[in-house]
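S.K.: The structure file target.cif (mmCIF, C-alpha atoms and all ligand atoms) is provided below.
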data_input
#
loop_
_atom_site.group_PDB
_atom_site.id
_atom_site.type_symbol
_atom_site.label_atom_id
_atom_site.label_comp_id
_atom_site.auth_asym_id
_atom_site.auth_seq_id
_atom_site.Cartn_x
_atom_site.Cartn_y
_atom_site.Cartn_z
ATOM 1 C CA MET A 1 87.333 -128.050 193.117
ATOM 2 C CA LYS A 2 90.596 -128.677 194.918
ATOM 3 C CA THR A 3 92.244 -125.268 195.200
ATOM 4 C CA PRO A 4 91.274 -121.824 196.576
ATOM 5 C CA GLU A 5 92.234 -120.225 193.237
ATOM 6 C CA THR A 6 89.847 -122.314 191.167
ATOM 7 C CA VAL A 7 87.044 -121.836 193.690
ATOM 8 C CA GLU A 8 87.608 -118.086 193.558
ATOM 9 C CA ARG A 9 87.634 -118.038 189.740
ATOM 10 C CA ALA A 10 84.461 -120.119 189.394
ATOM 11 C CA LEU A 11 82.696 -117.847 191.903
ATOM 12 C CA LYS A 12 83.917 -114.728 190.116
ATOM 13 C CA ARG A 13 82.534 -116.080 186.840
ATOM 14 C CA GLY A 14 79.131 -116.721 188.398
ATOM 15 C CA ALA A 15 79.061 -120.432 189.185
ATOM 16 C CA THR A 16 75.832 -121.247 191.020
ATOM 17 C CA HIS A 17 77.111 -124.553 192.423
ATOM 18 C CA ILE A 18 80.628 -125.540 193.472
ATOM 19 C CA GLY A 19 81.284 -129.242 193.949
ATOM 20 C CA PHE A 20 83.726 -131.177 196.098
ATOM 21 C CA ASN A 21 84.341 -134.798 195.210
ATOM 22 C CA PHE A 22 84.517 -137.528 197.856
ATOM 23 C CA PHE A 23 84.962 -140.564 195.614
ATOM 24 C CA GLN A 24 88.345 -141.822 196.738
ATOM 25 C CA LYS A 25 89.441 -143.274 193.386
ATOM 26 C CA SER A 26 88.834 -139.948 191.669
ATOM 27 C CA PRO A 27 91.676 -137.604 190.684
ATOM 28 C CA ARG A 28 89.296 -134.923 192.012
ATOM 29 C CA TYR A 29 89.017 -136.410 195.499
ATOM 30 C CA VAL A 30 89.469 -133.987 198.392
ATOM 31 C CA GLU A 31 89.622 -134.800 202.086
ATOM 32 C CA PRO A 32 86.445 -133.582 203.818
ATOM 33 C CA ASP A 33 88.317 -131.241 206.195
ATOM 34 C CA ILE A 34 90.178 -129.600 203.283
ATOM 35 C CA ALA A 35 86.907 -129.293 201.352
ATOM 36 C CA GLY A 36 85.355 -127.577 204.385
ATOM 37 C CA LYS A 37 88.070 -124.909 204.262
ATOM 38 C CA LEU A 38 87.843 -124.526 200.472
ATOM 39 C CA ALA A 39 84.075 -124.035 200.774
ATOM 40 C CA GLU A 40 84.244 -121.075 203.169
ATOM 41 C CA PRO A 41 84.270 -118.354 200.454
ATOM 42 C CA VAL A 42 81.455 -120.142 198.644
ATOM 43 C CA ARG A 43 78.888 -119.890 201.433
ATOM 44 C CA GLY A 44 76.076 -117.519 200.597
ATOM 45 C CA LYS A 45 77.426 -116.961 197.060
ATOM 46 C CA ALA A 46 76.876 -120.368 195.467
ATOM 47 C CA LYS A 47 75.645 -123.757 196.638
ATOM 48 C CA VAL A 48 78.272 -125.975 198.213
ATOM 49 C CA VAL A 49 77.789 -129.455 196.756
ATOM 50 C CA ALA A 50 79.192 -132.744 198.056
ATOM 51 C CA VAL A 51 79.675 -135.249 195.211
ATOM 52 C CA VAL A 52 79.359 -138.755 196.643
ATOM 53 C CA VAL A 53 78.957 -142.276 195.268
ATOM 54 C CA ASP A 54 76.852 -144.816 197.194
ATOM 55 C CA PRO A 55 78.071 -143.306 200.466
ATOM 56 C CA SER A 56 77.860 -145.133 203.788
ATOM 57 C CA ASN A 57 76.176 -143.353 206.684
ATOM 58 C CA ASP A 58 79.570 -142.976 208.361
ATOM 59 C CA ASP A 59 81.030 -141.297 205.274
ATOM 60 C CA LEU A 60 78.038 -138.977 205.033
ATOM 61 C CA ASP A 61 78.244 -138.113 208.740
ATOM 62 C CA GLU A 62 81.850 -137.021 208.287
ATOM 63 C CA ILE A 63 81.275 -135.117 205.040
ATOM 64 C CA VAL A 64 78.174 -133.315 206.327
ATOM 65 C CA ALA A 65 79.931 -132.373 209.580
ATOM 66 C CA LEU A 66 83.106 -131.066 207.932
ATOM 67 C CA LEU A 67 81.796 -129.590 204.663
ATOM 68 C CA ARG A 68 78.283 -128.489 205.713
ATOM 69 C CA PRO A 69 77.047 -128.834 202.120
ATOM 70 C CA ASP A 70 73.958 -127.090 200.741
ATOM 71 C CA MET A 71 73.313 -130.054 198.466
ATOM 72 C CA LEU A 72 74.363 -133.685 198.085
ATOM 73 C CA GLN A 73 75.081 -134.932 194.557
ATOM 74 C CA LEU A 74 74.393 -138.672 194.688
ATOM 75 C CA HIS A 75 76.370 -140.047 191.758
ATOM 76 C CA GLY A 76 76.077 -143.787 192.377
ATOM 77 C CA SER A 77 73.274 -146.309 192.149
ATOM 78 C CA GLU A 78 71.347 -144.927 195.131
ATOM 79 C CA SER A 79 67.741 -146.188 195.034
ATOM 80 C CA PRO A 80 64.783 -143.841 195.575
ATOM 81 C CA GLU A 81 64.430 -145.366 199.062
ATOM 82 C CA ARG A 82 68.071 -144.628 199.865
ATOM 83 C CA VAL A 83 67.672 -141.046 198.628
ATOM 84 C CA LEU A 84 64.653 -140.630 200.910
ATOM 85 C CA THR A 85 66.600 -142.040 203.870
ATOM 86 C CA ILE A 86 69.545 -139.722 203.237
ATOM 87 C CA LYS A 87 67.240 -136.713 202.968
ATOM 88 C CA ALA A 88 65.507 -137.676 206.210
ATOM 89 C CA MET A 89 68.854 -138.120 207.986
ATOM 90 C CA TYR A 90 70.327 -134.736 207.074
ATOM 91 C CA GLY A 91 67.530 -132.557 205.693
ATOM 92 C CA ILE A 92 69.825 -131.552 202.816
ATOM 93 C CA PRO A 93 68.453 -131.284 199.249
ATOM 94 C CA VAL A 94 69.672 -133.941 196.834
ATOM 95 C CA ILE A 95 70.788 -133.827 193.216
ATOM 96 C CA LYS A 96 70.369 -137.367 191.861
ATOM 97 C CA ALA A 97 72.796 -138.125 189.047
ATOM 98 C CA LEU A 98 71.566 -140.581 186.455
ATOM 99 C CA SER A 99 73.700 -141.974 183.658
ATOM 100 C CA VAL A 100 72.076 -141.906 180.252
ATOM 101 C CA ARG A 101 72.534 -143.912 177.086
ATOM 102 C CA SER A 102 68.928 -144.553 176.055
ATOM 103 C CA THR A 103 65.392 -143.310 176.630
ATOM 104 C CA ASP A 104 64.939 -146.135 179.147
ATOM 105 C CA ASP A 105 67.721 -144.582 181.220
ATOM 106 C CA LEU A 106 65.853 -141.267 181.198
ATOM 107 C CA LYS A 107 62.653 -142.996 182.293
ATOM 108 C CA ARG A 108 64.409 -143.927 185.554
ATOM 109 C CA VAL A 109 63.767 -140.299 186.547
ATOM 110 C CA GLU A 110 60.136 -141.152 187.248
ATOM 111 C CA ALA A 111 60.999 -143.215 190.312
ATOM 112 C CA TYR A 112 62.786 -140.236 191.869
ATOM 113 C CA ILE A 113 60.225 -137.501 191.115
ATOM 114 C CA GLY A 114 59.112 -135.898 194.370
ATOM 115 C CA ILE A 115 62.160 -137.415 196.102
ATOM 116 C CA ALA A 116 65.230 -135.897 194.444
ATOM 117 C CA ASP A 117 65.262 -132.098 194.382
ATOM 118 C CA ARG A 118 67.113 -131.903 191.092
ATOM 119 C CA PHE A 119 68.620 -134.253 188.544
ATOM 120 C CA LEU A 120 71.961 -134.377 186.804
ATOM 121 C CA PHE A 121 72.203 -136.301 183.556
ATOM 122 C CA ASP A 122 75.634 -137.695 182.834
ATOM 123 C CA ALA A 123 76.901 -140.168 180.233
ATOM 124 C CA LYS A 124 77.472 -143.802 181.137
ATOM 125 C CA PRO A 125 81.147 -144.438 181.943
ATOM 126 C CA PRO A 126 83.240 -145.946 179.152
ATOM 127 C CA LYS A 127 84.037 -149.664 179.524
ATOM 128 C CA GLY A 128 86.828 -150.210 182.021
ATOM 129 C CA SER A 129 86.543 -146.814 183.710
ATOM 130 C CA GLU A 130 86.769 -146.879 187.493
ATOM 131 C CA LEU A 131 84.873 -143.602 187.711
ATOM 132 C CA PRO A 132 81.068 -143.379 187.629
ATOM 133 C CA GLY A 133 81.445 -139.769 186.468
ATOM 134 C CA GLY A 134 84.142 -137.334 185.468
ATOM 135 C CA ASN A 135 85.016 -139.335 182.355
ATOM 136 C CA GLY A 136 84.695 -136.458 179.908
ATOM 137 C CA VAL A 137 82.217 -138.304 177.709
ATOM 138 C CA SER A 138 78.863 -137.021 176.469
ATOM 139 C CA PHE A 139 75.600 -138.787 175.685
ATOM 140 C CA ASP A 140 73.135 -138.136 172.891
ATOM 141 C CA TRP A 141 71.547 -134.857 174.029
ATOM 142 C CA GLY A 142 68.678 -135.463 171.601
ATOM 143 C CA LEU A 143 67.351 -138.037 174.088
ATOM 144 C CA LEU A 144 66.367 -135.180 176.402
ATOM 145 C CA THR A 145 63.446 -134.321 174.109
ATOM 146 C CA TRP A 146 61.738 -137.333 175.766
ATOM 147 C CA LEU A 147 61.974 -135.715 179.172
ATOM 148 C CA ASP A 148 58.940 -134.195 180.901
ATOM 149 C CA GLY A 149 59.457 -130.434 180.637
ATOM 150 C CA ASN A 150 58.840 -129.991 184.387
ATOM 151 C CA VAL A 151 61.934 -131.970 185.393
ATOM 152 C CA ASP A 152 64.598 -129.661 186.783
ATOM 153 C CA TYR A 153 68.033 -130.879 185.772
ATOM 154 C CA MET A 154 71.623 -130.072 184.989
ATOM 155 C CA LEU A 155 73.227 -131.376 181.835
ATOM 156 C CA SER A 156 76.577 -133.012 182.426
ATOM 157 C CA GLY A 157 79.053 -135.344 180.800
ATOM 158 C CA GLY A 158 81.969 -134.224 178.682
ATOM 159 C CA LEU A 159 80.945 -130.570 178.508
ATOM 160 C CA ASN A 160 83.710 -128.157 177.569
ATOM 161 C CA LYS A 161 84.191 -124.768 175.916
ATOM 162 C CA ALA A 162 83.838 -126.303 172.457
ATOM 163 C CA ASN A 163 80.509 -128.066 172.932
ATOM 164 C CA VAL A 164 78.621 -126.341 175.762
ATOM 165 C CA GLY A 165 77.111 -123.739 173.399
ATOM 166 C CA GLN A 166 75.717 -126.421 171.123
ATOM 167 C CA ALA A 167 74.503 -128.412 174.145
ATOM 168 C CA LEU A 168 72.595 -125.402 175.477
ATOM 169 C CA ALA A 169 71.173 -124.492 172.078
ATOM 170 C CA MET A 170 69.966 -128.037 171.526
ATOM 171 C CA THR A 171 68.610 -128.876 174.989
ATOM 172 C CA LYS A 172 67.788 -125.516 176.628
ATOM 173 C CA ALA A 173 69.070 -127.235 179.777
ATOM 174 C CA PRO A 174 68.276 -125.313 182.986
ATOM 175 C CA GLY A 175 71.876 -125.836 184.114
ATOM 176 C CA VAL A 176 75.193 -127.199 182.914
ATOM 177 C CA ASP A 177 77.928 -128.931 184.848
ATOM 178 C CA THR A 178 81.524 -129.732 184.046
ATOM 179 C CA ALA A 179 84.536 -131.322 185.700
ATOM 180 C CA SER A 180 87.175 -132.674 183.309
ATOM 181 C CA GLY A 181 86.180 -130.136 180.635
ATOM 182 C CA VAL A 182 88.007 -127.378 182.522
ATOM 183 C CA GLU A 183 91.114 -129.412 183.381
ATOM 184 C CA SER A 184 94.598 -129.389 181.856
ATOM 185 C CA ALA A 185 95.267 -132.867 183.327
ATOM 186 C CA PRO A 186 93.071 -135.255 185.355
ATOM 187 C CA GLY A 187 92.076 -133.429 188.544
ATOM 188 C CA VAL A 188 93.977 -130.246 187.635
ATOM 189 C CA LYS A 189 91.545 -127.399 186.957
ATOM 190 C CA SER A 190 92.812 -124.599 184.739
ATOM 191 C CA LEU A 191 91.866 -120.989 185.456
ATOM 192 C CA ASP A 192 91.994 -120.204 181.734
ATOM 193 C CA MET A 193 89.768 -123.158 180.897
ATOM 194 C CA ILE A 194 87.250 -122.111 183.578
ATOM 195 C CA ASP A 195 87.160 -118.651 181.974
ATOM 196 C CA GLU A 196 86.756 -120.110 178.493
ATOM 197 C CA PHE A 197 83.928 -122.370 179.655
ATOM 198 C CA PHE A 198 82.019 -119.461 181.222
ATOM 199 C CA ASP A 199 82.685 -117.324 178.143
ATOM 200 C CA ALA A 200 81.092 -120.033 176.004
ATOM 201 C CA VAL A 201 78.099 -120.343 178.350
ATOM 202 C CA GLU A 202 77.592 -116.567 178.385
ATOM 203 C CA GLN A 203 77.806 -116.468 174.616
ATOM 204 C CA ALA A 204 75.225 -119.234 174.313
ATOM 205 C CA CYS A 205 72.858 -117.589 176.782
ATOM 206 C CA MET A 206 72.948 -114.108 175.242
ATOM 207 C CA PRO A 207 69.456 -112.992 174.181
ATOM 208 C CA GLU A 208 69.116 -112.958 170.398
ATOM 209 C CA THR A 209 68.422 -109.225 170.470
ATOM 210 C CA THR A 210 71.931 -108.505 171.733
ATOM 211 C CA THR A 211 73.731 -110.718 169.238
ATOM 212 C CA GLY A 212 72.508 -108.998 166.062
ATOM 213 C CA SER A 213 75.038 -107.835 163.551
ATOM 214 C CA VAL A 214 75.994 -104.170 163.077
ATOM 215 C CA ASN A 215 75.718 -102.931 159.475
HETATM 216 O O1 LIG A 301 84.874 -136.474 188.551
HETATM 217 C C1 LIG A 301 84.952 -137.589 189.074
HETATM 218 O O2 LIG A 301 86.027 -138.171 189.197
HETATM 219 C C2 LIG A 301 83.704 -138.247 189.597
HETATM 220 C C3 LIG A 301 83.832 -139.359 190.384
HETATM 221 C C4 LIG A 301 82.712 -139.957 190.903
HETATM 222 C C5 LIG A 301 81.451 -139.435 190.634
HETATM 223 C C6 LIG A 301 81.315 -138.316 189.845
HETATM 224 C C7 LIG A 301 82.430 -137.711 189.322
HETATM 225 N N1 LIG A 301 82.352 -136.606 188.517
HETATM 226 C C8 LIG A 301 81.196 -135.925 188.110
HETATM 227 O O3 LIG A 301 80.781 -136.377 186.829
HETATM 228 C C9 LIG A 301 80.165 -135.311 186.133
HETATM 229 C C10 LIG A 301 80.685 -135.211 184.710
HETATM 230 O O4 LIG A 301 82.059 -134.997 184.668
HETATM 231 P P1 LIG A 301 82.824 -134.600 183.285
HETATM 232 O O5 LIG A 301 82.457 -133.168 183.019
HETATM 233 O O6 LIG A 301 82.360 -135.516 182.221
HETATM 234 O O7 LIG A 301 84.256 -134.732 183.584
HETATM 235 C C11 LIG A 301 80.405 -134.065 186.981
HETATM 236 O O8 LIG A 301 79.253 -133.789 187.764
HETATM 237 C C12 LIG A 301 81.506 -134.463 187.911
HETATM 238 O O9 LIG A 301 81.457 -133.768 189.141
#
Would it be possible to restate this file's structure as structure tokens?
Ligand SMILES: O=C(O)c1ccccc1N[C@@H]1O[C@H](COP(=O)(O)O)[C@@H](O)[C@H]1O
M.R.:
Amino acid sequence: MKTPETVERALKRGATHIGFNFFQKSPRYVEPDIAGKLAEPVRGKAKVVAVVVDPSNDDLDEIVALLRPDMLQLHGSESPERVLTIKAMYGIPVIKALSVRSTDDLKRVEAYIGIADRFLFDAKPPKGSELPGGNGVSFDWGLLTWLDGNVDYMLSGGLNKANVGQALAMTKAPGVDTASGVESAPGVKSLDMIDEFFDAVEQACMPETTTGSVN
């Protein structure tokens, strides 16, 4: 999120996590001090998440001081040992993002069990992309049937109003996450598209008993 308006809209629609991106090549990048201000209305209503990619300790020091995140989303190739070190340094829960193309990619979860607090499964970046995430591409959700049912995760990667219902129906994912799927241009979130995404999620999550037809 890069603007107060989009933060407000996502909160109003019931977002449980609001992310701020600190990968400098990203069109979603925000300066840590600006992110700290944007996060103020989020505190106590949703989790403030810092999205980082193989961050140095200096970068983390600055982000943690200025944003005061509830969670760190580690979206690079951080090893289990590095995740443990980061958790020990700041005492902040970690979402470990893993990119998925095959069942072997999903098996990488095992090394992080008991270390990462939650997982986020994203697609592998397309060839040539400079971004490790935020590429608007999905992976084969059917692969998630291989996952141990106790793993707490968020499904990510190319989710938008048109496919999030099918993604939820197919995977029963405990959470969904989107970035480019609610943007009118790279890095430009659309209030209408945020609404449409939440509408689609609500529709997908409606208990069957309330979606029956009226005769
Ligand atoms: O969005 C980015 O530019 C980005 C850069 C570096 C790491 C992660 C990034 N985005 C995250 O990727 C997922 C999926 O995004 P999308 O829905 O496919 O656009 C999401 O968690 C973004 O925050």
S.K.: Show me a table, sorted first by chain and then by increasing residue number, of the residues of range 109-213 of chain A having an atom at most 8 Å from range 80-102 of chain A, each with its shortest atom pair and the distance in Å to one decimal, counting only C-alpha atoms and written as JSON lines.
M.R.:
{"residue": "A:Val109", "atom": "CA", "partner": "A:Leu98", "partner_atom": "CA", "distance": 7.8}
{"residue": "A:Ala111", "atom": "CA", "partner": "A:Pro80", "partner_atom": "CA", "distance": 6.5}
{"residue": "A:Tyr112", "atom": "CA", "partner": "A:Pro80", "partner_atom": "CA", "distance": 5.5}
{"residue": "A:Ile115", "atom": "CA", "partner": "A:Leu84", "partner_atom": "CA", "distance": 6.3}
{"residue": "A:Ala116", "atom": "CA", "partner": "A:Val94", "partner_atom": "CA", "distance": 5.4}
{"residue": "A:Asp117", "atom": "CA", "partner": "A:Val94", "partner_atom": "CA", "distance": 5.4}
{"residue": "A:Arg118", "atom": "CA", "partner": "A:Ile95", "partner_atom": "CA", "distance": 4.7}
{"residue": "A:Phe119", "atom": "CA", "partner": "A:Lys96", "partner_atom": "CA", "distance": 4.9}
{"residue": "A:Leu120", "atom": "CA", "partner": "A:Ala97", "partner_atom": "CA", "distance": 4.4}
{"residue": "A:Phe121", "atom": "CA", "partner": "A:Leu98", "partner_atom": "CA", "distance": 5.2}
{"residue": "A:Asp122", "atom": "CA", "partner": "A:Ser99", "partner_atom": "CA", "distance": 4.8}
{"residue": "A:Ala123", "atom": "CA", "partner": "A:Ser99", "partner_atom": "CA", "distance": 5.0}
{"residue": "A:Lys124", "atom": "CA", "partner": "A:Ser99", "partner_atom": "CA", "distance": 4.9}
{"residue": "A:Phe139", "atom": "CA", "partner": "A:Arg101", "partner_atom": "CA", "distance": 6.1}
{"residue": "A:Asp140", "atom": "CA", "partner": "A:Arg101", "partner_atom": "CA", "distance": 7.2}
{"residue": "A:Leu143", "atom": "CA", "partner": "A:Ser102", "partner_atom": "CA", "distance": 7.0}
S.K.: Could you report the residues within 7 Å of ligand LIG 301 (chain A), using all atoms listed in the file, as a VMD selection string?
M.R.: chain A and resid 19 21 23 26 to 28 51 to 53 75 122 131 to 138 156 to 159 177 to 181
S.K.: When you look at Val188 in chain A with a cut-off of 12 Å (counting only C-alpha atoms), what residues show up, excluding the ones that are within fewer than 3 positions of it in the same chain? I need them as an MDAnalysis selection string.
M.R.: chainID A and resid 1:3 5:6 26:29 179:185 191:194
S.K.: Given the file shown, enumerate the residues that the PyMOL selection byres (((chain A and resi 13) around 9) and not hetatm) captures and present them as a PyMOL selection string.
M.R.: chain A and resi 8-12+14-15+194-195+198-199
S.K.: Identify all residues satisfying the PyMOL selection byres (((chain A and resi 47) around 10) and not hetatm) in the given file; provide them as a PyMOL selection string.
M.R.: chain A and resi 15-19+39+42-46+48-50+69-71
S.K.: Could you check which of A:Met154, A:Ala200, A:Ile34, A:Ser190 is closest to Gln166 in chain A, using all atoms listed in the file?
M.R.: A:Ala200
S.K.: For each of A:Gly165, A:Trp141, A:Lys189, A:Met170, take the minimum atom-to-atom distance to Met206 in chain A, counting all atoms listed in the file, then give the residue where this is smallest.
M.R.: A:Gly165
S.K.: In Å, with one decimal, what is the gap from CA of Leu67 in chain A to CA of Gly175 in chain A?
M.R.: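 Between CA of Leu67 in chain A and CA of Gly175 in chain A the gap is 23.1 Å.
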S.K.: Of the candidates A:Asp58, A:Lys25, A:Val7, A:Ala65, which shows the shortest atom-to-atom distance to Glu130 in chain A, using only C-alpha atoms?
M.R.: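 Among the listed residues, A:Lys25 lies closest to Glu130 in chain A.
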S.K.: Kindly give the distance, in Å, that separates CA of Phe197 in chain A and CA of Asn160 in chain A, rounded to a single decimal.
M.R.: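 Computing it gives 6.2 Å between the two atoms.
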S.K.: Name all residues at most 12 Å from Cys205 in chain A (count only C-alpha atoms; drop same-chain ones fewer than 3 positions away) and give them as a ChimeraX atom specification.
M.R.: /A:164-169,172-176,198-202,208-211
S.K.: Could you check how far CA of Gly114 in chain A sits from CA of Arg68 in chain A, in Å to one decimal?
M.R.: 23.5 Å
